[in-house]
Amino acid sequence: MTTTDKSELHETQIDASKLKSGGKDDTSIGSIAGYAVVWNTPSDNLPFTEIIKTGALDNVDTSKTLALYNHDFANVLGRVDAKTLRLTPDEHGLHFSLDIPDTTLGHDVYNQIKNGNLKGLSFRFTIAEGGERWKNINGKPTRIISKIATMREISVVAIPAYDATSIEVTRSFKEFTDTTKQKMLLALETYDLEV
């Protein structure tokens, strides 16, 4: 199957309203997770409507896919082959989980998502030959993508094209252990007072 040589960018919405405890180790400050692509959902911020069909990523090699900030290859947040980015297609869409690195960029992006200032997720891909068709739906040109050839990267961005995606911000491992430590000390102090 051949591919077009034009790489495309598509953006999706982030919802940072949910917090969970987490963070795998002390090399990451925490994790973000959600859906980079949601199947069968129309785009919102493109000059045309676009829909990515269920199964469009079947058999696509994502082993070298990167997670970036704002599509900048100098701003790498993670990658599949380093096991800091995990991509899993399911019945809803393309689920991702990203361990945020303990870097200046990582802290900035993590805090901007946590504070609700960064609300978008975008993805770059190429369409397989014959993997798209155009229709007129309700008077608007609509591109329906049934087969993607390559998924190069996902990026955290400010303005997404798809509002239907989601992202959850997790607390950092350090934050989790500090909170647990404080609760243990408080419990010990209370116990000492009661004895």
# chains A, B, ... in the order shown; residues from 1 in each chain; ligands from 1

call {"tool": "residues_around", "arguments": {"residues": "Ala149 in chain A", "least_positions_apart": "5", "cutoff": "7 Å", "atoms": "only C-alpha atoms", "output": "list in words"}}
result
Thr3, Val60, Thr126, Ile127 and Ala128 of chain A

call {"tool": "residues_around", "arguments": {"residues": "Trp134 in chain A", "least_positions_apart": "5", "cutoff": "7 Å", "atoms": "only C-alpha atoms", "output": "PyMOL selection string"}}
result
chain A and resi 141-144

call {"tool": "write_last_selection", "arguments": {"atoms": "C-alpha atoms", "output": "PDB file, in the first residue's frame"}}
result
ATOM      1  CA  PRO A 141     -17.538  19.163   2.229  1.00  0.00           C
ATOM      2  CA  THR A 142     -16.671  16.209   4.446  1.00  0.00           C
ATOM      3  CA  ARG A 143     -13.551  14.060   4.246  1.00  0.00           C
ATOM      4  CA  ILE A 144     -13.976  10.544   5.597  1.00  0.00           C
TER       5      ILE A 144
END

call {"tool": "select_by_dssp", "arguments": {"residues": "range 24-146 of chain A", "states": "alpha helix (DSSP H)", "output": "list of chain:residue names"}}
result
A:Thr104, A:Leu105, A:Gly106, A:His107, A:Asp108, A:Val109, A:Tyr110, A:Asn111, A:Gln112, A:Ile113, A:Lys114

call {"tool": "write_last_selection", "arguments": {"atoms": "C-alpha atoms", "output": "compact mmCIF listing (two decimals), in the first residue's frame"}}
result
# COMPACT_ATOMS: atom_id res chain seq x y z
CA THR A 104 11.79 22.31 32.19
CA LEU A 105 9.55 21.60 29.18
CA GLY A 106 7.88 18.71 30.99
CA HIS A 107 7.09 20.84 34.05
CA ASP A 108 5.82 23.72 31.89
CA VAL A 109 3.54 21.52 29.77
CA TYR A 110 2.29 19.49 32.74
CA ASN A 111 1.43 22.62 34.74
CA GLN A 112 -0.21 24.33 31.76
CA ILE A 113 -2.44 21.27 31.22
CA LYS A 114 -3.15 20.96 34.95

call {"tool": "select_by_dssp", "arguments": {"residues": "range 38-103 of chain A", "states": "strand (DSSP E or B)", "output": "JSON, numbers by chain"}}
result
{"A": [38, 49, 50, 51, 52, 66, 67, 68, 69, 72, 73, 74, 75, 76, 77, 78, 79, 85, 86, 87, 88, 89, 93, 94, 95, 96, 97, 98, 99, 100, 101]}

call {"tool": "closest_atom_pairs", "arguments": {"of": "range 36-80 of chain A", "to": "range 92-95 of chain A", "cutoff": "6 Å", "atoms": "only C-alpha atoms", "output": "tab-separated table"}}
result
residue	atom	partner	partner_atom	distance
A:Ala36	CA	A:Leu94	CA	5.6
A:Val37	CA	A:Leu94	CA	5.0
A:Val38	CA	A:Gly93	CA	4.2
A:Trp39	CA	A:Gly93	CA	5.0
